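Structure file my_file39.txt (compact mmCIF, C-alpha atoms) is printed below.
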```txt
# COMPACT_ATOMS: atom_id res chain seq x y z
CA MET K 257 0.00 0.00 0.00
CA ALA K 258 1.46 3.37 -1.00
CA ALA K 259 1.21 6.31 1.37
CA THR K 260 -0.68 9.27 -0.05
CA ASN K 261 -0.49 11.59 2.98
CA VAL K 262 2.15 12.01 5.66
CA LEU K 263 2.19 14.18 8.79
CA LEU K 264 5.72 15.44 9.48
CA VAL K 265 6.19 16.34 13.16
CA THR K 266 9.10 18.66 13.93
CA GLY K 267 10.35 20.88 16.73
CA GLU K 268 11.60 23.59 14.37
CA TYR K 269 10.62 24.83 10.94
CA PRO K 270 11.39 27.84 8.73
CA PRO K 271 11.49 30.74 9.27
CA MET K 272 13.10 29.41 12.46
CA ALA K 273 16.83 28.81 11.93
CA GLY K 274 17.98 25.21 12.30
CA GLY K 275 19.09 22.19 10.32
CA VAL K 276 16.15 19.94 11.24
CA GLY K 277 13.67 22.60 10.15
CA ASP K 278 15.45 23.10 6.82
CA TYR K 279 15.56 19.33 6.30
CA THR K 280 11.84 18.96 7.04
CA GLU K 281 10.88 21.67 4.56
CA LEU K 282 13.07 20.18 1.83
CA LEU K 283 11.74 16.68 2.51
CA ARG K 284 8.14 17.95 2.40
CA ALA K 285 8.69 19.56 -1.00
CA ALA K 286 10.48 16.48 -2.36
CA LEU K 287 7.72 14.15 -1.16
CA GLU K 288 5.05 16.27 -2.83
CA SER K 289 7.04 16.17 -6.07
CA HIS K 290 6.95 12.39 -5.63
CA GLY K 291 3.16 12.36 -5.32
CA ILE K 292 2.93 12.17 -1.52
CA GLY K 293 1.00 14.90 0.27
CA ALA K 294 2.84 16.17 3.35
CA THR K 295 1.49 18.32 6.16
CA VAL K 296 3.90 19.71 8.75
CA TYR K 297 3.06 19.95 12.46
CA ALA K 298 5.45 22.62 13.65
CA PRO K 299 5.88 25.77 15.74
CA GLY K 300 4.16 28.75 14.21
CA GLY K 301 1.96 28.23 11.20
CA GLY K 302 0.37 30.60 8.73
CA ARG K 303 1.06 28.51 5.64
CA GLU K 304 -1.29 26.13 3.86
CA HIS K 305 0.80 23.02 4.56
CA VAL K 306 1.64 23.85 8.22
CA VAL K 307 -0.46 23.16 11.31
CA GLY K 308 1.04 25.26 14.11
CA TYR K 309 1.20 24.29 17.77
CA GLY K 310 3.01 27.24 19.34
CA ARG K 311 5.42 25.78 21.88
CA TRP K 312 6.17 22.07 22.13
CA GLY K 313 5.05 20.24 25.27
CA TRP K 314 2.46 17.77 26.54
CA ARG K 315 -0.46 19.67 25.02
CA ALA K 316 1.15 19.76 21.56
CA ALA K 317 2.02 16.06 21.84
CA ARG K 318 -1.56 15.07 22.73
CA GLN K 319 -2.86 16.86 19.62
CA VAL K 320 -0.76 14.91 17.10
CA GLY K 321 -3.35 12.15 16.68
CA SER K 322 -6.21 14.56 16.00
CA VAL K 323 -4.10 16.58 13.57
CA ALA K 324 -3.18 13.35 11.74
CA ARG K 325 -6.85 12.38 11.43
CA ARG K 326 -7.89 15.87 10.33
CA THR K 327 -5.24 15.97 7.59
CA GLY K 328 -5.89 12.41 6.42
CA ALA K 329 -2.40 11.19 7.22
CA ASP K 330 -1.55 7.55 6.53
CA VAL K 331 1.75 7.81 8.41
CA VAL K 332 3.11 10.08 11.14
CA HIS K 333 6.79 10.84 10.62
CA ILE K 334 8.69 12.40 13.54
CA GLN K 335 11.82 14.40 12.77
CA TYR K 336 13.50 13.79 16.10
CA GLN K 337 16.19 15.90 17.65
CA ALA K 338 15.87 16.45 21.39
CA GLY K 339 17.15 20.03 21.23
CA ALA K 340 14.64 20.98 18.53
CA PHE K 341 11.83 19.80 20.85
CA GLY K 342 13.28 21.83 23.72
CA MET K 343 14.60 18.61 25.36
CA HIS K 344 10.96 17.87 26.36
CA PRO K 345 10.34 14.11 26.85
CA SER K 346 6.80 14.17 25.38
CA SER K 347 8.20 13.79 21.86
CA ASN K 348 9.73 10.44 22.86
CA LEU K 349 6.30 9.07 23.80
CA LEU K 350 4.59 9.84 20.47
CA PRO K 351 5.13 6.40 18.85
CA TRP K 352 3.69 4.73 21.97
CA LEU K 353 0.75 7.15 22.23
CA LEU K 354 -0.19 6.66 18.56
CA ARG K 355 0.57 2.94 18.27
CA ARG K 356 -3.10 1.84 18.05
CA HIS K 357 -4.11 4.46 15.51
CA LEU K 358 -1.36 5.07 12.96
CA PRO K 359 2.11 3.78 12.11
CA VAL K 360 4.86 6.13 13.27
CA VAL K 361 8.21 6.50 11.53
CA THR K 362 10.98 8.24 13.48
CA THR K 363 14.03 9.83 11.90
CA PHE K 364 16.79 10.31 14.47
CA HIS K 365 18.79 13.36 13.42
CA ASP K 366 21.04 12.61 16.39
CA LEU K 367 20.87 10.31 19.39
CA ARG K 368 20.87 12.95 22.10
CA PRO K 369 18.31 11.93 24.76
CA PRO K 370 15.71 14.28 26.27
CA TYR K 371 16.07 16.05 29.62
CA LEU K 372 14.17 14.43 32.48
CA PHE K 373 15.85 15.39 35.75
CA PRO K 374 19.44 15.71 37.05
CA LYS K 375 21.59 12.55 37.06
CA ALA K 376 19.07 10.65 34.94
CA SER K 377 21.42 9.66 32.11
CA PHE K 378 20.36 5.98 32.09
CA VAL K 379 16.64 6.83 32.17
CA ARG K 380 17.11 9.45 29.46
CA ARG K 381 18.81 6.93 27.18
CA PHE K 382 16.04 4.44 27.94
CA ALA K 383 13.43 7.03 26.83
CA MET K 384 15.23 7.56 23.52
CA LEU K 385 15.61 3.80 22.87
CA ARG K 386 12.00 3.13 23.82
CA MET K 387 10.95 5.70 21.24
CA ALA K 388 12.91 3.78 18.61
CA ARG K 389 11.47 0.40 19.64
CA ALA K 390 7.89 1.74 19.62
CA SER K 391 8.28 3.15 16.09
CA ALA K 392 7.07 1.21 13.07
CA ALA K 393 10.36 2.11 11.38
CA VAL K 394 13.50 3.98 12.38
CA VAL K 395 15.48 6.14 9.96
CA VAL K 396 19.04 7.28 10.59
CA THR K 397 21.08 9.61 8.42
CA ASN K 398 24.61 8.30 8.95
CA PRO K 399 26.54 5.09 9.68
CA PHE K 400 27.55 6.16 13.22
CA ASP K 401 23.94 6.43 14.44
CA ALA K 402 23.03 3.28 12.52
CA ARG K 403 25.72 1.29 14.32
CA ALA K 404 24.71 2.63 17.74
CA LEU K 405 21.05 1.64 17.32
CA VAL K 406 21.80 -1.72 15.71
CA ASN K 407 24.07 -2.52 18.66
CA ALA K 408 21.05 -1.80 20.90
CA GLY K 409 19.03 -4.38 18.95
CA ILE K 410 17.03 -1.91 16.82
CA ASP K 411 16.51 -2.34 13.07
CA VAL K 412 17.18 0.84 11.10
CA VAL K 413 16.96 2.19 7.57
CA GLU K 414 19.76 4.54 6.57
CA ILE K 415 18.62 7.38 4.31
CA PRO K 416 21.11 10.24 3.94
CA ILE K 417 20.14 13.87 4.22
CA GLY K 418 20.61 16.19 1.27
CA PRO K 419 22.10 19.68 1.02
CA ASN K 420 20.05 22.27 2.85
CA LEU K 421 20.45 24.72 -0.06
CA PRO K 422 19.64 24.51 -3.78
CA PRO K 423 22.55 24.32 -6.21
CA PRO K 424 24.13 27.70 -7.01
CA GLU K 425 22.87 29.51 -10.07
CA VAL K 426 25.31 31.16 -12.49
CA PRO K 427 28.42 31.30 -10.25
CA PRO K 428 29.43 34.84 -9.27
CA ALA K 429 32.99 36.08 -9.44
CA VAL K 430 35.02 34.23 -6.83
CA ASP K 431 36.48 36.34 -4.01
CA LEU K 432 39.80 34.74 -3.09
CA ARG K 433 40.09 36.98 -0.03
CA THR K 434 37.08 35.37 1.68
CA VAL K 435 36.65 32.29 3.84
CA ALA K 436 32.98 31.39 4.21
CA PHE K 437 31.40 29.69 7.22
CA PHE K 438 27.85 28.50 6.61
CA GLY K 439 25.15 27.74 9.15
CA LEU K 440 24.58 28.59 12.75
CA PRO K 441 27.87 29.59 14.45
CA SER K 442 28.13 26.78 16.98
CA ARG K 443 31.13 25.65 18.98
CA ALA K 444 30.69 22.12 17.62
CA LYS K 445 31.16 23.47 14.08
CA GLY K 446 34.51 24.92 15.08
CA ILE K 447 33.75 28.60 14.65
CA VAL K 448 36.12 29.57 17.49
CA GLU K 449 39.01 27.54 16.07
CA LEU K 450 38.34 28.95 12.61
CA ILE K 451 38.68 32.56 13.80
CA GLU K 452 41.89 31.68 15.64
CA ALA K 453 43.28 29.95 12.53
CA ILE K 454 42.55 32.88 10.23
CA GLY K 455 44.32 35.13 12.74
CA LEU K 456 47.50 33.07 12.27
CA ILE K 457 47.71 33.97 8.57
CA ASP K 458 50.09 36.78 7.71
CA SER K 459 48.18 40.09 7.94
CA ARG K 460 49.22 41.08 4.39
CA ARG K 461 47.20 38.20 2.91
CA ARG K 462 44.78 37.40 5.74
CA PRO K 463 41.30 36.68 4.31
CA ARG K 464 38.01 37.95 5.66
CA LEU K 465 35.58 35.60 7.38
CA ALA K 466 32.09 35.66 5.86
CA LEU K 467 29.40 34.31 8.17
CA VAL K 468 26.74 33.18 5.71
CA GLY K 469 23.21 33.01 7.11
CA ASP K 470 21.36 33.77 10.30
CA ALA K 471 23.27 34.01 13.60
CA GLY K 472 20.61 32.20 15.61
CA THR K 473 19.92 32.71 19.30
CA PRO K 474 22.14 31.11 21.96
CA SER K 475 20.20 29.09 24.55
CA PRO K 476 20.75 26.24 27.05
CA ASN K 477 19.56 23.83 24.32
CA ASN K 478 22.29 24.75 21.82
CA ASP K 479 25.95 25.69 21.73
CA LEU K 480 25.73 28.81 19.58
CA VAL K 481 28.41 31.45 20.10
CA SER K 482 26.94 34.89 20.68
CA THR K 483 27.61 37.82 18.37
CA ALA K 484 29.41 39.65 21.19
CA GLU K 485 31.77 36.73 21.80
CA LEU K 486 32.48 36.32 18.08
CA ASP K 487 33.28 40.03 17.79
CA HIS K 488 35.61 39.80 20.79
CA LEU K 489 37.42 36.80 19.29
CA ALA K 490 37.72 38.54 15.93
CA ALA K 491 39.17 41.68 17.50
CA GLU K 492 41.58 39.64 19.60
CA ASN K 493 42.81 37.74 16.51
CA GLU K 494 42.61 40.73 14.13
CA VAL K 495 40.12 38.99 11.85
CA GLN K 496 37.58 40.94 9.81
CA ILE K 497 34.08 39.44 9.98
CA GLU K 498 31.40 40.10 7.38
CA ARG K 499 27.87 38.98 8.26
CA THR K 500 25.35 38.37 5.52
CA GLY K 501 22.45 38.02 7.96
CA TYR K 502 19.44 36.04 6.81
CA LEU K 503 19.58 35.13 3.13
CA SER K 504 17.18 33.20 0.94
CA ALA K 505 18.34 29.66 0.25
CA GLN K 506 19.39 30.59 -3.28
CA GLN K 507 21.28 33.68 -2.10
CA ALA K 508 23.14 31.63 0.50
CA SER K 509 24.09 29.00 -2.09
CA ASP K 510 25.39 31.70 -4.43
CA ALA K 511 27.36 33.29 -1.58
CA LEU K 512 29.15 30.00 -0.94
CA ALA K 513 29.89 29.60 -4.65
CA GLY K 514 31.49 33.07 -4.67
CA SER K 515 33.78 32.51 -1.69
CA GLY K 516 37.44 31.57 -1.87
CA VAL K 517 36.99 28.54 0.38
CA VAL K 518 34.32 27.23 2.73
CA ALA K 519 35.52 26.10 6.17
CA LEU K 520 33.56 23.86 8.56
CA PRO K 521 36.13 22.53 11.06
CA PHE K 522 33.78 20.41 13.20
CA GLN K 523 35.20 19.70 16.66
CA ARG K 524 34.14 16.04 16.50
CA GLY K 525 34.85 15.60 12.82
CA ALA K 526 32.69 15.86 9.74
CA SER K 527 29.52 13.81 9.55
CA LEU K 528 26.76 12.90 7.14
CA ARG K 529 24.40 14.56 9.66
CA SER K 530 25.41 17.95 8.28
CA GLY K 531 23.27 19.51 5.56
CA SER K 532 25.65 22.50 5.73
CA LEU K 533 28.56 20.30 4.66
CA LEU K 534 26.58 18.91 1.73
CA ALA K 535 25.51 22.42 0.69
CA ALA K 536 29.12 23.56 0.80
CA LEU K 537 30.29 20.59 -1.28
CA GLN K 538 27.76 21.28 -4.02
CA ALA K 539 28.88 24.94 -4.24
CA GLY K 540 31.98 23.97 -6.22
CA ARG K 541 34.57 25.71 -4.02
CA PRO K 542 37.23 23.99 -1.87
CA VAL K 543 35.68 22.82 1.40
CA ILE K 544 37.83 22.44 4.52
CA THR K 545 36.56 20.11 7.20
CA THR K 546 37.92 17.87 9.93
CA ALA K 547 38.47 14.13 9.90
CA PRO K 548 35.74 11.99 11.46
CA ALA K 549 36.54 9.40 14.09
CA SER K 550 35.90 6.61 11.58
CA SER K 551 37.27 6.54 8.06
CA GLU K 552 33.88 5.23 6.86
CA ALA K 553 31.87 8.12 8.32
CA LEU K 554 31.85 10.21 5.13
CA ARG K 555 31.29 7.28 2.80
CA ASP K 556 31.47 8.34 -0.85
CA LEU K 557 31.81 12.05 -0.01
CA ALA K 558 35.41 11.40 1.04
CA ALA K 559 36.40 10.97 -2.62
CA LEU K 560 35.11 14.37 -3.79
CA PRO K 561 38.07 16.41 -5.08
CA GLN K 562 36.82 19.67 -3.55
CA LEU K 563 37.02 18.24 -0.01
CA LEU K 564 40.09 19.06 2.10
CA VAL K 565 40.11 16.91 5.25
CA ILE K 566 42.42 17.89 8.11
CA PRO K 567 42.95 16.49 11.64
CA ARG K 568 40.62 17.61 14.40
CA GLY K 569 41.84 20.04 17.04
CA ASP K 570 44.78 21.38 15.03
CA THR K 571 44.39 25.12 14.44
CA GLY K 572 47.62 25.23 12.46
CA ARG K 573 46.28 22.73 9.95
CA ILE K 574 43.15 24.83 9.45
CA TRP K 575 45.39 27.81 8.63
CA ASP K 576 47.48 25.73 6.22
CA ALA K 577 44.39 24.30 4.48
CA ILE K 578 42.90 27.78 4.04
CA GLU K 579 46.06 29.01 2.32
CA THR K 580 46.13 25.88 0.15
CA GLY K 581 42.48 26.26 -0.83
CA LEU K 582 42.86 29.94 -1.68
CA THR K 583 45.96 29.55 -3.82
CA ALA K 584 45.75 26.13 -5.47
CA GLY K 585 43.26 25.51 -8.27
CA ARG K 586 41.02 22.54 -7.42
CA THR K 587 38.44 20.68 -9.43
CA SER K 588 35.02 19.81 -8.07
CA ALA K 589 32.56 17.00 -8.66
CA PRO K 590 28.78 16.78 -8.20
CA LEU K 591 27.27 15.14 -5.15
CA PRO K 592 26.50 11.42 -5.57
CA GLU K 593 22.92 10.66 -6.61
CA ARG K 594 21.77 9.34 -3.23
CA TYR K 595 22.23 12.79 -1.65
CA ARG K 596 19.82 14.41 -4.09
CA TRP K 597 16.34 15.16 -2.83
CA ALA K 598 14.55 13.20 -5.56
CA SER K 599 16.41 10.06 -4.47
CA ILE K 600 15.78 10.83 -0.80
CA ALA K 601 12.04 11.21 -1.48
CA ALA K 602 11.96 7.93 -3.42
CA ALA K 603 13.64 6.13 -0.50
CA HIS K 604 11.04 7.54 1.91
CA ALA K 605 8.16 6.59 -0.40
CA ALA K 606 9.41 2.99 -0.48
CA LEU K 607 9.77 2.97 3.31
CA TYR K 608 6.24 4.33 3.86
CA ALA K 609 4.83 1.68 1.52
CA SER K 610 6.63 -1.07 3.43
CA VAL K 611 5.46 0.28 6.80
CA LEU K 612 1.84 0.55 5.66
CA ASP K 613 1.91 -2.94 4.18
CA ARG K 614 3.07 -4.40 7.52
CA TRP K 615 0.53 -2.25 9.39
CA GLU K 616 -2.38 -3.46 7.24
CA ARG K 617 -1.32 -7.12 7.49
CA ALA K 618 -1.01 -6.85 11.28
CA ARG K 619 -4.56 -5.46 11.55
CA ARG K 620 -6.24 -8.22 9.52
```

Represent the structure of the file as structure tokens.
Amino acid sequence: MAATNVLLVTGEYPPMAGGVGDYTELLRAALESHGIGATVYAPGGGREHVVGYGRWGWRAARQVGSVARRTGADVVHIQYQAGAFGMHPSSNLLPWLLRRHLPVVTTFHDLRPPYLFPKASFVRRFAMLRMARASAAVVVTNPFDARALVNAGIDVVEIPIGPNLPPPEVPPAVDLRTVAFFGLPSRAKGIVELIEAIGLIDSRRRPRLALVGDAGTPSPNNDLVSTAELDHLAAENEVQIERTGYLSAQQASDALAGSGVVALPFQRGASLRSGSLLAALQAGRPVITTAPASSEALRDLAALPQLLVIPRGDTGRIWDAIETGLTAGRTSAPLPERYRWASIAAAHAALYASVLDRWERARR
């Protein structure tokens, strides 16, 4: 049985800044192009395809079933990231609450558990794993999360994310005096180390740092670096920062294509969880990132000629890679087919059909 309508449940959604929200919007559009109607249950509202709930919590969680019935959903698909749901545990209970009414698919964008109470690490992990076990299907986006859940005895389907920007249009003139950083300026993305590395470059040829996109809002649920702290670091390291502020998706893609290099020196290494990395790689400029813990973590992306992989935690290597990327001509290659949104939508359509087939057989 093929799904004709899906309810996507998410803790963030445009115009809110955040990777899960961008992913959900791009998935919704790709599913509709594939013939699957998709309604989004998200903060806010005001658009035809969005049912808004305001702030996530128990009340919003209890309404998912009625929203699914009202929109004619065949499947509820949770885009899970604890931080996007404000660390509230109610999102973890959704597959259990809906189990008698509709099949629930859960995509784990990371495996961070919800907040329950202090010193509850075991219980928090249990809540996250119970969510997975109560789901009709579990989707992961990368081999690291797949291995962790399989080791816990949970079957998973690995479907990669795609770039969170469209391909660049006619490429603008490239500015070889600019290093671009794309996405929310978080500590985990290495924004602090990047500023320090640029400051090590000789002042006569030191590039500017272009922060492409919205700055976001620091909170206890994220690790964003405030504008004031970034300005202090830049002044301390004599680095010039240019902020684009909010850009349309196309404008942001074109800004990356016009930069000298794009740098995303993740503290824990690059990962297939990052739509920002995929967007940078499709821009056609050299992309500097840090080595993942496992050589298999980047899969086929590791072979792309525009990718410059350096060790984690080595500011000097970031500096060296920036100078290499700005001065050496490098070729680029397109992203492999499986990272394109049409392929991602087709993989989801096949998964929904399989889930609904099992659901219908179980109810006979």

*asked:* As an exercise, work out the distance from atom CA of Arg541 of chain K to atom CA of Arg573 of chain K in Å and give it to one decimal place.
replied: 18.5 Å

*atom CA of Asp401 of chain K to atom CA of Leu349 of chain K: how many Å, to one decimal?*
20.1 Å

_One-decimal distance in Å that lies between atom CA of Leu503 of chain K and atom CA of Leu263 of chain K_ =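 Computing the Euclidean distance for atom CA of Leu263 of chain K and atom CA of Leu503 of chain K yields 27.8 Å.
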
*Pick out the residues sitting within 8 Å of segment 511-513 of chain K, and hand them over as a PyMOL selection string; count all atoms listed in the file, and ignore anything fewer than 2 positions along from it in its own chain.*
chain K and resi 424+427-428+430+436+438+468+507-509+515+518+536+539-541

Since we have the selection now, will you write its residues out, keeping C-alpha atoms, as a PDB file, in the coordinates of the input?
```
ATOM      1  CA  PRO K 424      24.130  27.700  -7.010  1.00  0.00           C
ATOM      2  CA  PRO K 427      28.420  31.300 -10.250  1.00  0.00           C
ATOM      3  CA  PRO K 428      29.430  34.840  -9.270  1.00  0.00           C
ATOM      4  CA  VAL K 430      35.020  34.230  -6.830  1.00  0.00           C
ATOM      5  CA  ALA K 436      32.980  31.390   4.210  1.00  0.00           C
ATOM      6  CA  PHE K 438      27.850  28.500   6.610  1.00  0.00           C
ATOM      7  CA  VAL K 468      26.740  33.180   5.710  1.00  0.00           C
ATOM      8  CA  GLN K 507      21.280  33.680  -2.100  1.00  0.00           C
ATOM      9  CA  ALA K 508      23.140  31.630   0.500  1.00  0.00           C
ATOM     10  CA  SER K 509      24.090  29.000  -2.090  1.00  0.00           C
ATOM     11  CA  SER K 515      33.780  32.510  -1.690  1.00  0.00           C
ATOM     12  CA  VAL K 518      34.320  27.230   2.730  1.00  0.00           C
ATOM     13  CA  ALA K 536      29.120  23.560   0.800  1.00  0.00           C
ATOM     14  CA  ALA K 539      28.880  24.940  -4.240  1.00  0.00           C
ATOM     15  CA  GLY K 540      31.980  23.970  -6.220  1.00  0.00           C
ATOM     16  CA  ARG K 541      34.570  25.710  -4.020  1.00  0.00           C
TER      17      ARG K 541
END
```

Could you name the residues that touch segment 356-368 of chain K at 8 Å or less, counting only C-alpha atoms, but leaving out those on the same chain fewer than 3 positions away, as a short mmCIF file (atom, residue, chain, number, x, y, z; two decimals) with C-alpha atoms, in the frame of the given file?
```cif
data_model
loop_
_atom_site.label_atom_id
_atom_site.label_comp_id
_atom_site.auth_asym_id
_atom_site.auth_seq_id
_atom_site.Cartn_x
_atom_site.Cartn_y
_atom_site.Cartn_z
CA VAL K 276 16.15 19.94 11.24
CA GLY K 321 -3.35 12.15 16.68
CA ASP K 330 -1.55 7.55 6.53
CA VAL K 331 1.75 7.81 8.41
CA VAL K 332 3.11 10.08 11.14
CA HIS K 333 6.79 10.84 10.62
CA ILE K 334 8.69 12.40 13.54
CA GLN K 335 11.82 14.40 12.77
CA TYR K 336 13.50 13.79 16.10
CA GLN K 337 16.19 15.90 17.65
CA ALA K 338 15.87 16.45 21.39
CA PRO K 351 5.13 6.40 18.85
CA LEU K 353 0.75 7.15 22.23
CA MET K 384 15.23 7.56 23.52
CA ALA K 388 12.91 3.78 18.61
CA SER K 391 8.28 3.15 16.09
CA ALA K 392 7.07 1.21 13.07
CA ALA K 393 10.36 2.11 11.38
CA VAL K 394 13.50 3.98 12.38
CA VAL K 395 15.48 6.14 9.96
CA VAL K 396 19.04 7.28 10.59
CA THR K 397 21.08 9.61 8.42
CA ASP K 401 23.94 6.43 14.44
CA ARG K 529 24.40 14.56 9.66
CA VAL K 611 5.46 0.28 6.80
CA LEU K 612 1.84 0.55 5.66
CA TRP K 615 0.53 -2.25 9.39
#
```

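Minimum atom-to-atom distances from K:Arg620, K:Arg460, K:Arg315, K:Arg568 to His344 of chain K were compared using only C-alpha atoms, and the lowest value belongs to K:Arg315.
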
Would you kindly identify which residues have an atom no farther than 12 Å from (31.1, 13.7, 2.3), using all atoms listed in the file and the file's own coordinates, and write them out as a PDB file with C-alpha atoms, in the coordinates of the input?
```pdb
ATOM      1  CA  ASN K 398      24.610   8.300   8.950  1.00  0.00           C
ATOM      2  CA  PRO K 416      21.110  10.240   3.940  1.00  0.00           C
ATOM      3  CA  ILE K 417      20.140  13.870   4.220  1.00  0.00           C
ATOM      4  CA  GLY K 418      20.610  16.190   1.270  1.00  0.00           C
ATOM      5  CA  PRO K 419      22.100  19.680   1.020  1.00  0.00           C
ATOM      6  CA  GLY K 525      34.850  15.600  12.820  1.00  0.00           C
ATOM      7  CA  ALA K 526      32.690  15.860   9.740  1.00  0.00           C
ATOM      8  CA  SER K 527      29.520  13.810   9.550  1.00  0.00           C
ATOM      9  CA  LEU K 528      26.760  12.900   7.140  1.00  0.00           C
ATOM     10  CA  ARG K 529      24.400  14.560   9.660  1.00  0.00           C
ATOM     11  CA  SER K 530      25.410  17.950   8.280  1.00  0.00           C
ATOM     12  CA  GLY K 531      23.270  19.510   5.560  1.00  0.00           C
ATOM     13  CA  SER K 532      25.650  22.500   5.730  1.00  0.00           C
ATOM     14  CA  LEU K 533      28.560  20.300   4.660  1.00  0.00           C
ATOM     15  CA  LEU K 534      26.580  18.910   1.730  1.00  0.00           C
ATOM     16  CA  ALA K 535      25.510  22.420   0.690  1.00  0.00           C
ATOM     17  CA  ALA K 536      29.120  23.560   0.800  1.00  0.00           C
ATOM     18  CA  LEU K 537      30.290  20.590  -1.280  1.00  0.00           C
ATOM     19  CA  GLN K 538      27.760  21.280  -4.020  1.00  0.00           C
ATOM     20  CA  VAL K 543      35.680  22.820   1.400  1.00  0.00           C
ATOM     21  CA  ILE K 544      37.830  22.440   4.520  1.00  0.00           C
ATOM     22  CA  THR K 545      36.560  20.110   7.200  1.00  0.00           C
ATOM     23  CA  THR K 546      37.920  17.870   9.930  1.00  0.00           C
ATOM     24  CA  ALA K 547      38.470  14.130   9.900  1.00  0.00           C
ATOM     25  CA  PRO K 548      35.740  11.990  11.460  1.00  0.00           C
ATOM     26  CA  SER K 551      37.270   6.540   8.060  1.00  0.00           C
ATOM     27  CA  GLU K 552      33.880   5.230   6.860  1.00  0.00           C
ATOM     28  CA  ALA K 553      31.870   8.120   8.320  1.00  0.00           C
ATOM     29  CA  LEU K 554      31.850  10.210   5.130  1.00  0.00           C
ATOM     30  CA  ARG K 555      31.290   7.280   2.800  1.00  0.00           C
ATOM     31  CA  ASP K 556      31.470   8.340  -0.850  1.00  0.00           C
ATOM     32  CA  LEU K 557      31.810  12.050  -0.010  1.00  0.00           C
ATOM     33  CA  ALA K 558      35.410  11.400   1.040  1.00  0.00           C
ATOM     34  CA  ALA K 559      36.400  10.970  -2.620  1.00  0.00           C
ATOM     35  CA  LEU K 560      35.110  14.370  -3.790  1.00  0.00           C
ATOM     36  CA  PRO K 561      38.070  16.410  -5.080  1.00  0.00           C
ATOM     37  CA  GLN K 562      36.820  19.670  -3.550  1.00  0.00           C
ATOM     38  CA  LEU K 563      37.020  18.240  -0.010  1.00  0.00           C
ATOM     39  CA  LEU K 564      40.090  19.060   2.100  1.00  0.00           C
ATOM     40  CA  VAL K 565      40.110  16.910   5.250  1.00  0.00           C
ATOM     41  CA  ALA K 589      32.560  17.000  -8.660  1.00  0.00           C
ATOM     42  CA  PRO K 590      28.780  16.780  -8.200  1.00  0.00           C
ATOM     43  CA  LEU K 591      27.270  15.140  -5.150  1.00  0.00           C
ATOM     44  CA  PRO K 592      26.500  11.420  -5.570  1.00  0.00           C
ATOM     45  CA  ARG K 594      21.770   9.340  -3.230  1.00  0.00           C
ATOM     46  CA  TYR K 595      22.230  12.790  -1.650  1.00  0.00           C
TER      47      TYR K 595
END
```

Let me have the centre and edge lengths of the axis-aligned box enclosing all listed atoms of segment 439-445 of chain K with 3 Å padding on every side, in Å to one decimal, as AutoDock Vina command-line options.
```
--center_x 27.9 --center_y 25.9 --center_z 14.1 --size_x 12.6 --size_y 13.5 --size_z 15.8
```

*asked:* Counting all atoms listed in the file, I want the residues whose atoms come within 7 Å of (18.4, 20.4, -1.7) in the file frame, returned as a PyMOL selection string.
replied: chain K and resi 282+418-422+596-597

Resulting file, chosen residues, C-alpha atoms, as a PDB file, in the frame of the given file:
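Written file, result19.pdb:
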```
ATOM      1  CA  LEU K 282      13.070  20.180   1.830  1.00  0.00           C
ATOM      2  CA  GLY K 418      20.610  16.190   1.270  1.00  0.00           C
ATOM      3  CA  PRO K 419      22.100  19.680   1.020  1.00  0.00           C
ATOM      4  CA  ASN K 420      20.050  22.270   2.850  1.00  0.00           C
ATOM      5  CA  LEU K 421      20.450  24.720  -0.060  1.00  0.00           C
ATOM      6  CA  PRO K 422      19.640  24.510  -3.780  1.00  0.00           C
ATOM      7  CA  ARG K 596      19.820  14.410  -4.090  1.00  0.00           C
ATOM      8  CA  TRP K 597      16.340  15.160  -2.830  1.00  0.00           C
TER       9      TRP K 597
END
```

*Show which residues sit within 10 Å of Ala316 of chain K, as a VMD selection string. Count only C-alpha atoms, and ignore same-chain residues fewer than 3 positions away.*
chain K and resid 297 to 299 308 to 313 319 to 320 346 to 347

Take the residues from that selection and write them out as a CSV table (one decimal), keeping the file's coordinate frame, keeping C-alpha atoms.
```csv
chain,number,residue,atom,x,y,z
K,297,TYR,CA,3.1,20.0,12.5
K,298,ALA,CA,5.4,22.6,13.6
K,299,PRO,CA,5.9,25.8,15.7
K,308,GLY,CA,1.0,25.3,14.1
K,309,TYR,CA,1.2,24.3,17.8
K,310,GLY,CA,3.0,27.2,19.3
K,311,ARG,CA,5.4,25.8,21.9
K,312,TRP,CA,6.2,22.1,22.1
K,313,GLY,CA,5.0,20.2,25.3
K,319,GLN,CA,-2.9,16.9,19.6
K,320,VAL,CA,-0.8,14.9,17.1
K,346,SER,CA,6.8,14.2,25.4
K,347,SER,CA,8.2,13.8,21.9
```

*Looking at only C-alpha atoms, which of K:Leu440, K:Ala519, K:Met343, K:Leu450 is the one that sits closest to Gly581 of chain K?*
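Closest residue, counting only C-alpha atoms: K:Ala519.
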
_Closest of K:Thr483, K:Thr295, K:Ser442, K:Ser459 to Asn261 of chain K - atom-to-atom distances counting all atoms listed in the file_ =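 So, comparing all the options, the nearest one is K:Thr295.
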
*Top pick for closest residue to Ile410 of chain K, considering K:Glu425, K:Ser550, K:Ala584, K:Arg386 and counting only C-alpha atoms*: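 Once distances to Ile410 of chain K are computed over only C-alpha atoms, the minimum belongs to K:Arg386.
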
*So, counting only C-alpha atoms, which residue among K:Ala444, K:Val262, K:Leu354, K:Ala402 is closest to Asn478 of chain K?*
K:Ala444

*So which one's closest to His488 of chain K, K:Glu579, K:Glu452, K:Glu268, K:Glu281? Using only C-alpha atoms, please.*
K:Glu452
